[in-house]
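Below: final.cif (mmCIF, C-alpha atoms and all ligand atoms)
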```cif
data_final
loop_
_atom_site.label_atom_id
_atom_site.label_comp_id
_atom_site.auth_asym_id
_atom_site.auth_seq_id
_atom_site.Cartn_x
_atom_site.Cartn_y
_atom_site.Cartn_z
CA MET A 1 18.08 252.85 -17.66
CA GLU A 2 15.03 253.58 -19.86
CA ARG A 3 17.25 255.54 -22.24
CA VAL A 4 19.67 252.61 -22.45
CA MET A 5 16.81 250.22 -23.25
CA GLY A 6 15.20 252.68 -25.64
CA GLY A 7 18.55 253.28 -27.29
CA GLY A 8 19.10 249.51 -27.48
CA VAL A 9 15.93 248.59 -29.36
CA LEU A 10 16.45 250.74 -32.46
CA PRO A 11 19.96 249.39 -33.25
CA LEU A 12 18.59 245.87 -32.76
CA VAL A 13 15.74 246.46 -35.21
CA LEU A 14 18.15 248.07 -37.70
CA ALA A 15 20.60 245.19 -37.33
CA GLY A 16 17.76 242.70 -37.88
CA ALA A 17 16.59 244.56 -41.00
CA GLY A 18 20.18 244.73 -42.25
CA ILE A 19 20.68 240.97 -41.81
CA LEU A 20 17.38 240.30 -43.61
CA LEU A 21 18.39 242.59 -46.48
CA LEU A 22 21.82 240.93 -46.72
CA TYR A 23 20.20 237.49 -46.75
CA ARG A 24 17.87 238.55 -49.59
CA ILE A 25 20.79 239.96 -51.59
CA ILE A 26 22.80 236.74 -51.09
CA VAL A 27 19.80 234.63 -52.18
CA ARG A 28 19.39 236.79 -55.30
CA LEU A 29 23.08 236.67 -56.17
CA ARG A 30 23.39 232.90 -55.62
CA PRO A 31 23.94 231.21 -58.99
CA GLY A 32 20.62 229.78 -60.20
CA ALA A 33 20.27 226.12 -61.08
CA ALA A 34 21.12 225.59 -64.74
CA LEU A 35 18.22 224.26 -66.80
CA GLN A 36 19.97 223.79 -70.13
CA ASP A 37 19.79 220.00 -70.84
CA ALA A 38 18.11 219.33 -67.47
CA VAL A 39 15.49 216.57 -67.57
CA VAL A 40 12.23 218.17 -66.41
CA VAL A 41 9.06 216.10 -65.91
CA ILE A 42 5.76 218.02 -65.90
CA THR A 43 2.44 216.39 -65.01
CA GLY A 44 -0.79 217.92 -66.34
CA ALA A 45 1.14 219.35 -69.29
CA SER A 46 -1.79 219.19 -71.70
CA SER A 47 -3.38 222.45 -70.56
CA GLY A 48 -3.34 225.46 -68.25
CA LEU A 49 -0.34 226.04 -66.02
CA GLY A 50 1.32 222.73 -67.01
CA LYS A 51 1.28 223.67 -70.69
CA GLU A 52 2.76 227.10 -69.92
CA CYS A 53 5.45 225.50 -67.73
CA ALA A 54 6.26 223.23 -70.67
CA GLN A 55 6.73 226.34 -72.82
CA VAL A 56 9.04 228.21 -70.42
CA PHE A 57 11.17 225.18 -69.43
CA HIS A 58 11.45 224.17 -73.11
CA ALA A 59 12.66 227.67 -73.98
CA ALA A 60 15.19 227.42 -71.12
CA GLY A 61 16.74 224.39 -72.88
CA ALA A 62 15.30 221.62 -70.69
CA ARG A 63 14.73 218.09 -71.96
CA LEU A 64 11.02 217.67 -71.19
CA VAL A 65 8.92 214.65 -70.31
CA LEU A 66 5.31 215.80 -70.58
CA CYS A 67 2.66 213.79 -68.75
CA GLY A 68 -1.14 213.67 -68.99
CA ARG A 69 -4.05 211.37 -69.72
CA ASP A 70 -4.78 212.51 -73.26
CA ALA A 71 -2.14 211.47 -75.81
CA ALA A 72 -3.56 213.64 -78.62
CA ARG A 73 -3.59 216.83 -76.51
CA LEU A 74 -0.03 216.19 -75.34
CA GLN A 75 1.11 215.66 -78.94
CA GLN A 76 -0.51 218.97 -79.82
CA VAL A 77 1.59 220.65 -77.08
CA VAL A 78 4.74 218.97 -78.45
CA GLN A 79 3.92 220.25 -81.95
CA GLU A 80 3.35 223.80 -80.68
CA LEU A 81 6.66 223.73 -78.77
CA THR A 82 8.71 222.45 -81.66
CA ALA A 83 7.06 224.65 -84.30
CA SER A 84 9.08 227.74 -83.41
CA LEU A 85 12.67 228.31 -82.37
CA PRO A 86 13.06 230.03 -78.99
CA SER A 87 14.15 233.66 -79.13
CA SER A 88 16.84 232.86 -76.51
CA GLY A 89 18.82 230.99 -79.18
CA ARG A 90 19.31 228.08 -76.76
CA GLN A 91 19.50 224.48 -77.89
CA THR A 92 16.05 222.95 -77.40
CA TYR A 93 14.77 219.37 -77.52
CA THR A 94 11.65 217.65 -78.79
CA PRO A 95 9.73 216.69 -75.62
CA SER A 96 8.87 213.08 -74.78
CA THR A 97 5.39 212.19 -73.57
CA VAL A 98 4.17 209.65 -71.02
CA ILE A 99 0.44 208.93 -70.78
CA PHE A 100 -1.09 207.86 -67.47
CA ASP A 101 -3.84 208.55 -64.97
CA LEU A 102 -2.55 209.88 -61.65
CA ALA A 103 -5.60 208.49 -59.88
CA ASP A 104 -4.52 204.93 -60.79
CA THR A 105 -1.59 203.97 -58.55
CA ASP A 106 -0.52 200.96 -60.68
CA SER A 107 -0.33 203.10 -63.79
CA VAL A 108 1.75 205.67 -61.87
CA ASP A 109 4.39 203.03 -61.07
CA ARG A 110 4.53 201.94 -64.72
CA ALA A 111 4.71 205.58 -65.80
CA ALA A 112 7.64 206.28 -63.46
CA GLU A 113 9.60 203.45 -65.16
CA GLU A 114 8.73 204.87 -68.57
CA ILE A 115 9.75 208.39 -67.47
CA LEU A 116 13.13 207.12 -66.26
CA LYS A 117 13.68 205.29 -69.55
CA CYS A 118 13.32 208.56 -71.51
CA TYR A 119 16.69 210.02 -70.42
CA GLY A 120 17.88 207.69 -67.64
CA GLN A 121 17.35 210.36 -64.97
CA VAL A 122 15.03 213.07 -63.69
CA ASP A 123 16.48 216.43 -62.66
CA VAL A 124 13.25 218.27 -61.88
CA LEU A 125 9.84 216.72 -61.21
CA ILE A 126 6.99 219.25 -61.39
CA ASN A 127 3.85 217.74 -59.84
CA ASN A 128 1.37 220.11 -61.46
CA ALA A 129 -1.69 218.06 -62.48
CA GLY A 130 -4.77 218.54 -60.38
CA ILE A 131 -8.51 218.79 -60.28
CA SER A 132 -10.79 221.09 -58.33
CA TYR A 133 -14.18 220.63 -56.69
CA ARG A 134 -17.29 222.64 -55.93
CA GLY A 135 -19.91 221.50 -53.44
CA ASN A 136 -21.26 221.45 -49.93
CA ILE A 137 -20.10 218.68 -47.63
CA LEU A 138 -23.65 217.59 -46.71
CA ASP A 139 -24.42 216.57 -50.29
CA THR A 140 -21.00 215.26 -51.32
CA HIS A 141 -20.55 211.55 -51.76
CA ILE A 142 -17.52 210.13 -49.99
CA SER A 143 -16.32 208.66 -53.31
CA VAL A 144 -15.90 212.25 -54.62
CA GLN A 145 -13.80 213.15 -51.56
CA ARG A 146 -11.63 210.09 -52.27
CA ASP A 147 -11.35 210.73 -56.05
CA VAL A 148 -10.07 214.28 -55.59
CA MET A 149 -7.59 213.00 -52.99
CA GLU A 150 -6.39 210.29 -55.42
CA THR A 151 -5.60 212.79 -58.18
CA ASN A 152 -4.32 215.71 -56.11
CA TYR A 153 -2.59 213.90 -53.26
CA PHE A 154 -1.94 210.16 -53.71
CA GLY A 155 -1.04 210.56 -57.41
CA PRO A 156 1.78 213.09 -56.85
CA VAL A 157 2.89 211.19 -53.73
CA ALA A 158 3.08 207.90 -55.66
CA LEU A 159 4.96 209.49 -58.58
CA THR A 160 7.36 211.29 -56.25
CA GLN A 161 8.08 208.12 -54.27
CA ALA A 162 8.61 206.11 -57.46
CA LEU A 163 11.16 208.63 -58.81
CA LEU A 164 12.82 209.54 -55.51
CA PRO A 165 15.15 206.49 -55.16
CA SER A 166 16.91 207.37 -58.44
CA MET A 167 17.38 210.96 -57.23
CA VAL A 168 18.73 209.81 -53.86
CA HIS A 169 21.07 207.38 -55.65
CA ARG A 170 22.45 210.25 -57.77
CA ARG A 171 22.39 212.69 -54.83
CA SER A 172 20.72 215.04 -57.30
CA GLY A 173 17.23 216.15 -58.29
CA HIS A 174 14.55 218.67 -57.43
CA ILE A 175 10.93 218.04 -56.51
CA VAL A 176 8.30 220.70 -57.10
CA VAL A 177 4.60 220.59 -56.35
CA ILE A 178 1.91 223.02 -57.40
CA SER A 179 -0.32 223.33 -54.37
CA SER A 180 -2.67 226.31 -53.86
CA VAL A 181 -3.48 229.12 -51.46
CA GLN A 182 -6.07 226.53 -50.43
CA GLY A 183 -3.22 224.36 -49.16
CA LYS A 184 -2.77 227.01 -46.47
CA ILE A 185 -6.33 228.16 -45.81
CA ALA A 186 -9.60 226.29 -46.32
CA ILE A 187 -12.52 228.12 -47.87
CA PRO A 188 -16.14 226.90 -47.81
CA TYR A 189 -17.53 224.61 -50.55
CA ARG A 190 -14.03 223.42 -51.48
CA SER A 191 -13.61 220.66 -48.84
CA ALA A 192 -12.17 217.95 -51.12
CA TYR A 193 -9.84 220.36 -52.92
CA ALA A 194 -8.64 222.27 -49.84
CA ALA A 195 -8.10 219.01 -47.93
CA SER A 196 -6.05 217.53 -50.78
CA LYS A 197 -3.90 220.67 -50.99
CA HIS A 198 -3.39 220.84 -47.20
CA ALA A 199 -2.27 217.19 -47.29
CA THR A 200 0.04 218.04 -50.20
CA GLN A 201 1.63 220.89 -48.24
CA ALA A 202 2.19 218.66 -45.20
CA TYR A 203 3.64 215.72 -47.16
CA PHE A 204 6.09 217.84 -49.16
CA ASP A 205 7.13 219.79 -46.04
CA CYS A 206 8.04 216.44 -44.42
CA LEU A 207 9.81 215.34 -47.61
CA ARG A 208 11.85 218.57 -47.74
CA ALA A 209 13.26 217.93 -44.28
CA GLU A 210 13.94 214.24 -45.00
CA VAL A 211 15.77 214.62 -48.32
CA GLU A 212 17.77 217.76 -47.59
CA ARG A 213 20.70 215.54 -46.56
CA TYR A 214 20.81 214.16 -50.15
CA GLY A 215 20.94 217.64 -51.66
CA ILE A 216 17.42 217.34 -53.10
CA PRO A 217 15.41 220.58 -52.75
CA VAL A 218 11.62 220.47 -52.41
CA THR A 219 9.58 223.47 -53.60
CA VAL A 220 5.92 223.95 -52.71
CA ILE A 221 4.23 226.61 -54.85
CA SER A 222 0.86 227.97 -53.71
CA PRO A 223 -0.80 230.11 -56.37
CA GLY A 224 -3.98 232.13 -56.05
CA TYR A 225 -6.42 232.16 -58.95
CA ILE A 226 -4.93 231.51 -62.40
CA ARG A 227 -6.77 231.97 -65.71
CA THR A 228 -7.11 228.29 -66.73
CA SER A 229 -9.88 225.71 -67.11
CA LEU A 230 -9.51 224.47 -63.52
CA SER A 231 -13.02 225.52 -62.48
CA VAL A 232 -14.52 224.21 -65.74
CA ASN A 233 -12.93 220.79 -65.10
CA ALA A 234 -13.88 220.78 -61.39
CA VAL A 235 -16.10 218.00 -60.05
CA THR A 236 -19.26 218.55 -58.01
CA CYS A 237 -21.00 216.70 -55.13
CA ASP A 238 -22.02 213.73 -57.32
CA GLY A 239 -18.80 213.59 -59.34
CA SER A 240 -20.27 215.32 -62.42
CA LYS A 241 -18.35 218.11 -64.11
CA TYR A 242 -18.96 221.66 -62.83
CA GLY A 243 -18.38 223.05 -66.32
CA VAL A 244 -18.37 226.76 -65.44
CA LEU A 245 -15.53 229.25 -65.83
CA ASP A 246 -15.80 231.11 -62.52
CA LYS A 247 -15.29 234.87 -62.48
CA THR A 248 -12.42 234.42 -59.96
CA THR A 249 -10.63 232.12 -62.42
CA GLU A 250 -11.43 234.30 -65.43
CA ILE A 251 -9.77 237.33 -63.83
CA GLY A 252 -6.95 235.28 -62.34
CA LYS A 253 -3.23 235.60 -63.09
CA ASP A 254 -1.92 234.91 -66.58
CA PRO A 255 -0.69 231.26 -66.52
CA ARG A 256 2.43 232.31 -68.49
CA ASP A 257 3.40 234.69 -65.64
CA VAL A 258 2.84 231.93 -63.09
CA ALA A 259 4.96 229.56 -65.19
CA HIS A 260 7.80 232.10 -65.17
CA ALA A 261 7.46 232.32 -61.38
CA VAL A 262 7.71 228.50 -61.22
CA LEU A 263 10.88 228.65 -63.35
CA LYS A 264 12.35 231.27 -61.01
CA ALA A 265 11.47 229.19 -57.94
CA VAL A 266 13.21 226.17 -59.50
CA ARG A 267 16.30 228.22 -60.40
CA GLN A 268 16.47 229.66 -56.85
CA ARG A 269 15.59 226.34 -55.23
CA SER A 270 12.92 228.15 -53.20
CA LYS A 271 11.28 226.15 -50.44
CA ASP A 272 7.81 227.64 -50.22
CA VAL A 273 6.30 230.26 -52.50
CA VAL A 274 2.88 231.91 -52.32
CA LEU A 275 1.93 233.50 -55.66
CA ALA A 276 -1.11 235.53 -54.72
CA GLY A 277 -2.30 239.05 -54.03
CA PRO A 278 -2.47 240.86 -50.68
CA LEU A 279 -5.92 239.53 -49.63
CA PRO A 280 -5.10 235.80 -49.80
CA ASN A 281 -1.76 236.55 -48.10
CA LEU A 282 -3.60 238.43 -45.36
CA ALA A 283 -6.01 235.53 -45.00
CA ILE A 284 -3.07 233.12 -44.55
CA TYR A 285 -1.63 235.25 -41.73
CA LEU A 286 -5.07 235.73 -40.20
CA ARG A 287 -5.61 231.93 -40.06
CA THR A 288 -2.51 231.62 -37.88
CA LEU A 289 -2.54 234.83 -35.88
CA TRP A 290 -6.26 235.46 -35.41
CA PRO A 291 -8.07 232.20 -36.21
CA VAL A 292 -11.33 233.21 -34.52
CA LEU A 293 -11.73 236.15 -36.92
CA PHE A 294 -10.73 233.98 -39.89
CA PHE A 295 -13.39 231.38 -38.99
CA LYS A 296 -16.04 234.11 -38.64
CA LEU A 297 -15.15 235.47 -42.09
CA MET A 298 -15.34 232.00 -43.63
CA ALA A 299 -18.71 231.27 -41.97
CA SER A 300 -20.07 234.55 -43.29
CA ARG A 301 -18.71 233.70 -46.74
CA ALA A 302 -20.42 230.29 -46.55
CA ARG A 303 -23.76 231.89 -45.60
CA LYS A 304 -23.52 234.38 -48.46
CA GLU A 305 -22.53 231.84 -51.11
CA GLN A 306 -25.16 229.21 -50.50
CA LYS A 307 -28.23 228.76 -48.37
CA PRO A 308 -28.52 225.29 -46.79
CA LYS A 309 -31.43 223.25 -48.18
CA ASP A 310 -33.33 223.22 -44.86
CA GLU A 311 -33.59 227.02 -44.55
N1 LIG B 401 -6.23 227.70 -61.93
C1 LIG B 401 -6.15 228.11 -60.66
O1 LIG B 401 -6.82 229.07 -60.25
C2 LIG B 401 -5.21 227.44 -59.73
C3 LIG B 401 -4.62 226.22 -60.02
N2 LIG B 401 -3.81 225.61 -59.10
C4 LIG B 401 -3.23 224.31 -59.37
O2 LIG B 401 -2.53 224.34 -60.60
C5 LIG B 401 -2.45 223.01 -61.12
C6 LIG B 401 -2.76 223.04 -62.61
O3 LIG B 401 -4.12 223.35 -62.79
P1 LIG B 401 -4.65 224.29 -63.98
O4 LIG B 401 -3.65 224.38 -65.04
O5 LIG B 401 -5.15 225.52 -63.36
O6 LIG B 401 -5.95 223.46 -64.46
P2 LIG B 401 -6.26 222.64 -65.80
O7 LIG B 401 -7.57 221.99 -65.57
O8 LIG B 401 -6.08 223.49 -66.98
O9 LIG B 401 -5.10 221.55 -65.84
C7 LIG B 401 -5.12 220.42 -65.05
C8 LIG B 401 -4.20 219.38 -65.65
O10 LIG B 401 -4.18 218.23 -64.79
C9 LIG B 401 -4.32 217.06 -65.58
N3 LIG B 401 -5.03 216.03 -64.83
C10 LIG B 401 -6.22 216.15 -64.20
N4 LIG B 401 -6.56 214.98 -63.66
C11 LIG B 401 -5.56 214.10 -63.96
C12 LIG B 401 -5.35 212.72 -63.67
N5 LIG B 401 -6.23 211.99 -62.98
N6 LIG B 401 -4.22 212.14 -64.14
C13 LIG B 401 -3.33 212.85 -64.85
N7 LIG B 401 -3.47 214.16 -65.15
C14 LIG B 401 -4.59 214.76 -64.71
C15 LIG B 401 -5.12 217.50 -66.80
O11 LIG B 401 -4.71 216.69 -67.90
P3 LIG B 401 -5.70 215.78 -68.78
O12 LIG B 401 -7.11 216.15 -68.40
O13 LIG B 401 -5.33 216.07 -70.18
O14 LIG B 401 -5.33 214.41 -68.39
C16 LIG B 401 -4.65 218.92 -67.02
O15 LIG B 401 -3.55 218.95 -67.90
C17 LIG B 401 -3.41 222.17 -60.29
O16 LIG B 401 -2.70 221.40 -59.35
C18 LIG B 401 -4.25 223.21 -59.57
O17 LIG B 401 -4.77 222.74 -58.34
C19 LIG B 401 -3.49 226.22 -57.91
C20 LIG B 401 -4.02 227.42 -57.60
C21 LIG B 401 -4.91 228.13 -58.47
C1 LIG B 402 -9.45 242.40 -41.23
C2 LIG B 402 -9.34 242.18 -42.68
C3 LIG B 402 -9.77 240.80 -43.03
C4 LIG B 402 -9.43 240.41 -44.43
C5 LIG B 402 -9.43 238.92 -44.53
C6 LIG B 402 -9.53 238.48 -45.89
C7 LIG B 402 -10.24 237.17 -46.01
C8 LIG B 402 -10.55 236.98 -47.43
C9 LIG B 402 -10.49 235.56 -47.82
C10 LIG B 402 -9.73 235.43 -49.09
C11 LIG B 402 -9.90 234.07 -49.59
C12 LIG B 402 -8.97 233.87 -50.70
C13 LIG B 402 -9.18 232.54 -51.30
C14 LIG B 402 -8.16 232.32 -52.35
C15 LIG B 402 -8.38 231.00 -52.95
C16 LIG B 402 -7.42 230.75 -54.02
O1 LIG B 402 -6.63 231.57 -54.43
O2 LIG B 402 -7.48 229.52 -54.51
C17 LIG B 402 -6.65 229.19 -55.59
C18 LIG B 402 -7.20 227.96 -56.19
O3 LIG B 402 -6.66 226.89 -56.02
C19 LIG B 402 -8.41 228.12 -56.99
O4 LIG B 402 -9.15 226.91 -57.07
P1 LIG B 402 -10.73 226.97 -57.22
O5 LIG B 402 -11.14 225.62 -57.69
O6 LIG B 402 -11.30 227.29 -55.89
O7 LIG B 402 -11.07 228.01 -58.26
#
```

Show me, as structure tokens, the structure contained in the file I just sent.
Ligand SMILES: NC(=O)C1=CN([C@@H]2O[C@H](COP(=O)(O)OP(=O)(O)OC[C@H]3O[C@@H](n4cnc5c(N)ncnc54)[C@H](OP(=O)(O)O)[C@@H]3O)[C@@H](O)[C@H]2O)C=CC1
Ligand SMILES: CCCCCCCCCCCCCCCC(=O)OCC(=O)COP(=O)(O)O
Amino acid sequence: MERVMGGGVLPLVLAGAGILLLYRIIVRLRPGAALQDAVVVITGASSGLGKECAQVFHAAGARLVLCGRDAARLQQVVQELTASLPSSGRQTYTPSTVIFDLADTDSVDRAAEEILKCYGQVDVLINNAGISYRGNILDTHISVQRDVMETNYFGPVALTQALLPSMVHRRSGHIVVISSVQGKIAIPYRSAYAASKHATQAYFDCLRAEVERYGIPVTVISPGYIRTSLSVNAVTCDGSKYGVLDKTTEIGKDPRDVAHAVLKAVRQRSKDVVLAGPLPNLAIYLRTLWPVLFFKLMASRARKEQKPKDE
């Protein structure tokens, strides 16, 4: 009997591994979504990851609508994109720009109308813009918690909901959001940021299930540290700018590589992608499988990083 059971487990494991391998091969071989002429909207396109995404989607032949708050910086990106012909030899287009503040819901609605007027449709919406935060909860004003939530959560939600009806009507479109490893685990002194990214993950997971019937994929991308100005632009407890390029950010991934990974995720219509090294991945598993240990590690990290004022 034991031999039968023992003999039964190995074939089962091998069959499971075989099915997994086959699934991966099928996913790889599936024809990727074509991006030539696709209308791709990118928020936060003036710098960092958004700017690099603009570069790789432009080179792939997409018709871009670049969004941000600073018209001059966006124009600079347009100039850089159009200054050189892509080595791929594809037909490329001069990007359009739409200027608005994601933290202002009324301006988001107006912007969505303007975005739709550019080409009459949106094929891919990349919700990339975001702001980070550094501070301890005890000293952080509630207005700062709300402001980060407005930019990172309500802004992308409002833009997505404003553009979604036209996608549903066409039974076509793709919604992407750049979340963070901190959408899956919360680390100390990042409350506003981690909360906004957790909310983002939850909202877009719900959306994915709800719009699948219309053939609209939803991709949540959770990067680890990327070499951008995110930490420099982060806000602190009182809303002032942090202004420091953290070591973690400085040695982070090259934003161009992350942009290529975003392009691949769009082509493959991936559902959920973590773009981080082994340690953040381990931390994500630990949070689910061994939460008590994860909480201990985070508490120790909090103690090491900052001593409370009353100690
Ligand atoms: N860098 C990192 O380590 C990581 C970054 N991410 C995420 O990647 C995304 C891009 O960030 P990254 O490129 O790193 O940082 P940057 O600070 O370089 O870029 C942020 C972009 O967001 C735009 N933005 C900020 N606030 C608003 C607003 N209220 N309305 C409209 N646009 C706004 C900025 O445009 P402007 O100021 O010109 O208006 C800017 O283009 C963010 O969502 C971030 O959370 C995720 C994981 C790691
Ligand atoms: C038994 C072995 C235990 C090993 C457990 C490892 C626990 C280590 C914790 C690792 C934490 C990783 C945090 C990653 C955070 C991250 O990548 O954030 C990306 C960002 O969004 C960056 O934004 P920020 O403003 O914070 O710079």

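In this structure, atom CA of Thr228 of chain A sits 5.0 Å away from atom CA of Gly48 of chain A.
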
Calculated over all atoms listed in the file, which of the candidates A:Ile19, A:Leu207, A:Leu275, A:Val266 has the smallest distance to ligand LIG 402 (chain B)?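 Ranking A:Ile19, A:Leu207, A:Leu275, A:Val266 by distance to ligand LIG 402 (chain B), first place goes to A:Leu275.
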
Pick out the residues sitting within 10 Å of Leu102 of chain A, and hand them over as a JSON list (two decimals) with C-alpha atoms, keeping the file's coordinate frame; count only C-alpha atoms, and ignore anything fewer than 2 positions along from it in its own chain.
```json
[["chain", "number", "residue", "atom", "x", "y", "z"],
["A", 43, "THR", "CA", 2.44, 216.39, -65.01],
["A", 44, "GLY", "CA", -0.79, 217.92, -66.34],
["A", 67, "CYS", "CA", 2.66, 213.79, -68.75],
["A", 68, "GLY", "CA", -1.14, 213.67, -68.99],
["A", 69, "ARG", "CA", -4.05, 211.37, -69.72],
["A", 99, "ILE", "CA", 0.44, 208.93, -70.78],
["A", 100, "PHE", "CA", -1.09, 207.86, -67.47],
["A", 104, "ASP", "CA", -4.52, 204.93, -60.79],
["A", 105, "THR", "CA", -1.59, 203.97, -58.55],
["A", 106, "ASP", "CA", -0.52, 200.96, -60.68],
["A", 107, "SER", "CA", -0.33, 203.10, -63.79],
["A", 108, "VAL", "CA", 1.75, 205.67, -61.87],
["A", 109, "ASP", "CA", 4.39, 203.03, -61.07],
["A", 111, "ALA", "CA", 4.71, 205.58, -65.80],
["A", 129, "ALA", "CA", -1.69, 218.06, -62.48],
["A", 130, "GLY", "CA", -4.77, 218.54, -60.38],
["A", 150, "GLU", "CA", -6.39, 210.29, -55.42],
["A", 151, "THR", "CA", -5.60, 212.79, -58.18],
["A", 152, "ASN", "CA", -4.32, 215.71, -56.11],
["A", 153, "TYR", "CA", -2.59, 213.90, -53.26],
["A", 154, "PHE", "CA", -1.94, 210.16, -53.71],
["A", 155, "GLY", "CA", -1.04, 210.56, -57.41],
["A", 156, "PRO", "CA", 1.78, 213.09, -56.85],
["A", 157, "VAL", "CA", 2.89, 211.19, -53.73],
["A", 158, "ALA", "CA", 3.08, 207.90, -55.66],
["A", 159, "LEU", "CA", 4.96, 209.49, -58.58]]
```

Distance filter 9 Å around ligand LIG 402 (chain B), atoms: all atoms listed in the file, out as a ChimeraX atom specification: /A:131-134,179-183,185-187,189-190,193-194,197,222-226,230-232,234,245-246,248-249,252,275-284,286,293-294,297-298,301

How about saving the chosen residues, C-alpha atoms kept, as a PDB file, in the coordinates of the input?
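Final output, saved to out-v5.pdb:
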```
ATOM      1  CA  ILE A 131      -8.510 218.790 -60.280  1.00  0.00           C
ATOM      2  CA  SER A 132     -10.790 221.090 -58.330  1.00  0.00           C
ATOM      3  CA  TYR A 133     -14.180 220.630 -56.690  1.00  0.00           C
ATOM      4  CA  ARG A 134     -17.290 222.640 -55.930  1.00  0.00           C
ATOM      5  CA  SER A 179      -0.320 223.330 -54.370  1.00  0.00           C
ATOM      6  CA  SER A 180      -2.670 226.310 -53.860  1.00  0.00           C
ATOM      7  CA  VAL A 181      -3.480 229.120 -51.460  1.00  0.00           C
ATOM      8  CA  GLN A 182      -6.070 226.530 -50.430  1.00  0.00           C
ATOM      9  CA  GLY A 183      -3.220 224.360 -49.160  1.00  0.00           C
ATOM     10  CA  ILE A 185      -6.330 228.160 -45.810  1.00  0.00           C
ATOM     11  CA  ALA A 186      -9.600 226.290 -46.320  1.00  0.00           C
ATOM     12  CA  ILE A 187     -12.520 228.120 -47.870  1.00  0.00           C
ATOM     13  CA  TYR A 189     -17.530 224.610 -50.550  1.00  0.00           C
ATOM     14  CA  ARG A 190     -14.030 223.420 -51.480  1.00  0.00           C
ATOM     15  CA  TYR A 193      -9.840 220.360 -52.920  1.00  0.00           C
ATOM     16  CA  ALA A 194      -8.640 222.270 -49.840  1.00  0.00           C
ATOM     17  CA  LYS A 197      -3.900 220.670 -50.990  1.00  0.00           C
ATOM     18  CA  SER A 222       0.860 227.970 -53.710  1.00  0.00           C
ATOM     19  CA  PRO A 223      -0.800 230.110 -56.370  1.00  0.00           C
ATOM     20  CA  GLY A 224      -3.980 232.130 -56.050  1.00  0.00           C
ATOM     21  CA  TYR A 225      -6.420 232.160 -58.950  1.00  0.00           C
ATOM     22  CA  ILE A 226      -4.930 231.510 -62.400  1.00  0.00           C
ATOM     23  CA  LEU A 230      -9.510 224.470 -63.520  1.00  0.00           C
ATOM     24  CA  SER A 231     -13.020 225.520 -62.480  1.00  0.00           C
ATOM     25  CA  VAL A 232     -14.520 224.210 -65.740  1.00  0.00           C
ATOM     26  CA  ALA A 234     -13.880 220.780 -61.390  1.00  0.00           C
ATOM     27  CA  LEU A 245     -15.530 229.250 -65.830  1.00  0.00           C
ATOM     28  CA  ASP A 246     -15.800 231.110 -62.520  1.00  0.00           C
ATOM     29  CA  THR A 248     -12.420 234.420 -59.960  1.00  0.00           C
ATOM     30  CA  THR A 249     -10.630 232.120 -62.420  1.00  0.00           C
ATOM     31  CA  GLY A 252      -6.950 235.280 -62.340  1.00  0.00           C
ATOM     32  CA  LEU A 275       1.930 233.500 -55.660  1.00  0.00           C
ATOM     33  CA  ALA A 276      -1.110 235.530 -54.720  1.00  0.00           C
ATOM     34  CA  GLY A 277      -2.300 239.050 -54.030  1.00  0.00           C
ATOM     35  CA  PRO A 278      -2.470 240.860 -50.680  1.00  0.00           C
ATOM     36  CA  LEU A 279      -5.920 239.530 -49.630  1.00  0.00           C
ATOM     37  CA  PRO A 280      -5.100 235.800 -49.800  1.00  0.00           C
ATOM     38  CA  ASN A 281      -1.760 236.550 -48.100  1.00  0.00           C
ATOM     39  CA  LEU A 282      -3.600 238.430 -45.360  1.00  0.00           C
ATOM     40  CA  ALA A 283      -6.010 235.530 -45.000  1.00  0.00           C
ATOM     41  CA  ILE A 284      -3.070 233.120 -44.550  1.00  0.00           C
ATOM     42  CA  LEU A 286      -5.070 235.730 -40.200  1.00  0.00           C
ATOM     43  CA  LEU A 293     -11.730 236.150 -36.920  1.00  0.00           C
ATOM     44  CA  PHE A 294     -10.730 233.980 -39.890  1.00  0.00           C
ATOM     45  CA  LEU A 297     -15.150 235.470 -42.090  1.00  0.00           C
ATOM     46  CA  MET A 298     -15.340 232.000 -43.630  1.00  0.00           C
ATOM     47  CA  ARG A 301     -18.710 233.700 -46.740  1.00  0.00           C
TER      48      ARG A 301
END
```

As AutoDock Vina command-line options, please: the centre and edge lengths in Å, to one decimal, of an axis-aligned box enclosing every listed atom of ligand LIG 401 (chain B) with 5 Å added on each side.
```
--center_x -5.0 --center_y 220.5 --center_z -63.9 --size_x 15.1 --size_y 27.1 --size_z 22.6
```

Selection: 8 Å around segment 73-86 of chain A, only C-alpha atoms, excl. self and same-chain fewer than 2 positions, as a PyMOL selection string: chain A and resi 45-46+51+55+58-59+66-68+70-71+88-90+92-95+97

By how many Å are atom CA of Leu263 of chain A and atom CA of Arg110 of chain A apart?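 About the pair atom CA of Leu263 of chain A and atom CA of Arg110 of chain A: they are 27.5 Å apart.
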
Cys118 of chain A environment, 10 Å, all atoms listed in the file, sequence neighbours closer than 5 positions dropped, as a PDB file with C-alpha atoms, keeping the file's coordinate frame:
```pdb
ATOM      1  CA  VAL A  39      15.490 216.570 -67.570  1.00  0.00           C
ATOM      2  CA  ARG A  63      14.730 218.090 -71.960  1.00  0.00           C
ATOM      3  CA  LEU A  64      11.020 217.670 -71.190  1.00  0.00           C
ATOM      4  CA  VAL A  65       8.920 214.650 -70.310  1.00  0.00           C
ATOM      5  CA  PRO A  95       9.730 216.690 -75.620  1.00  0.00           C
ATOM      6  CA  SER A  96       8.870 213.080 -74.780  1.00  0.00           C
ATOM      7  CA  THR A  97       5.390 212.190 -73.570  1.00  0.00           C
ATOM      8  CA  VAL A  98       4.170 209.650 -71.020  1.00  0.00           C
ATOM      9  CA  GLU A 113       9.600 203.450 -65.160  1.00  0.00           C
TER      10      GLU A 113
END
```
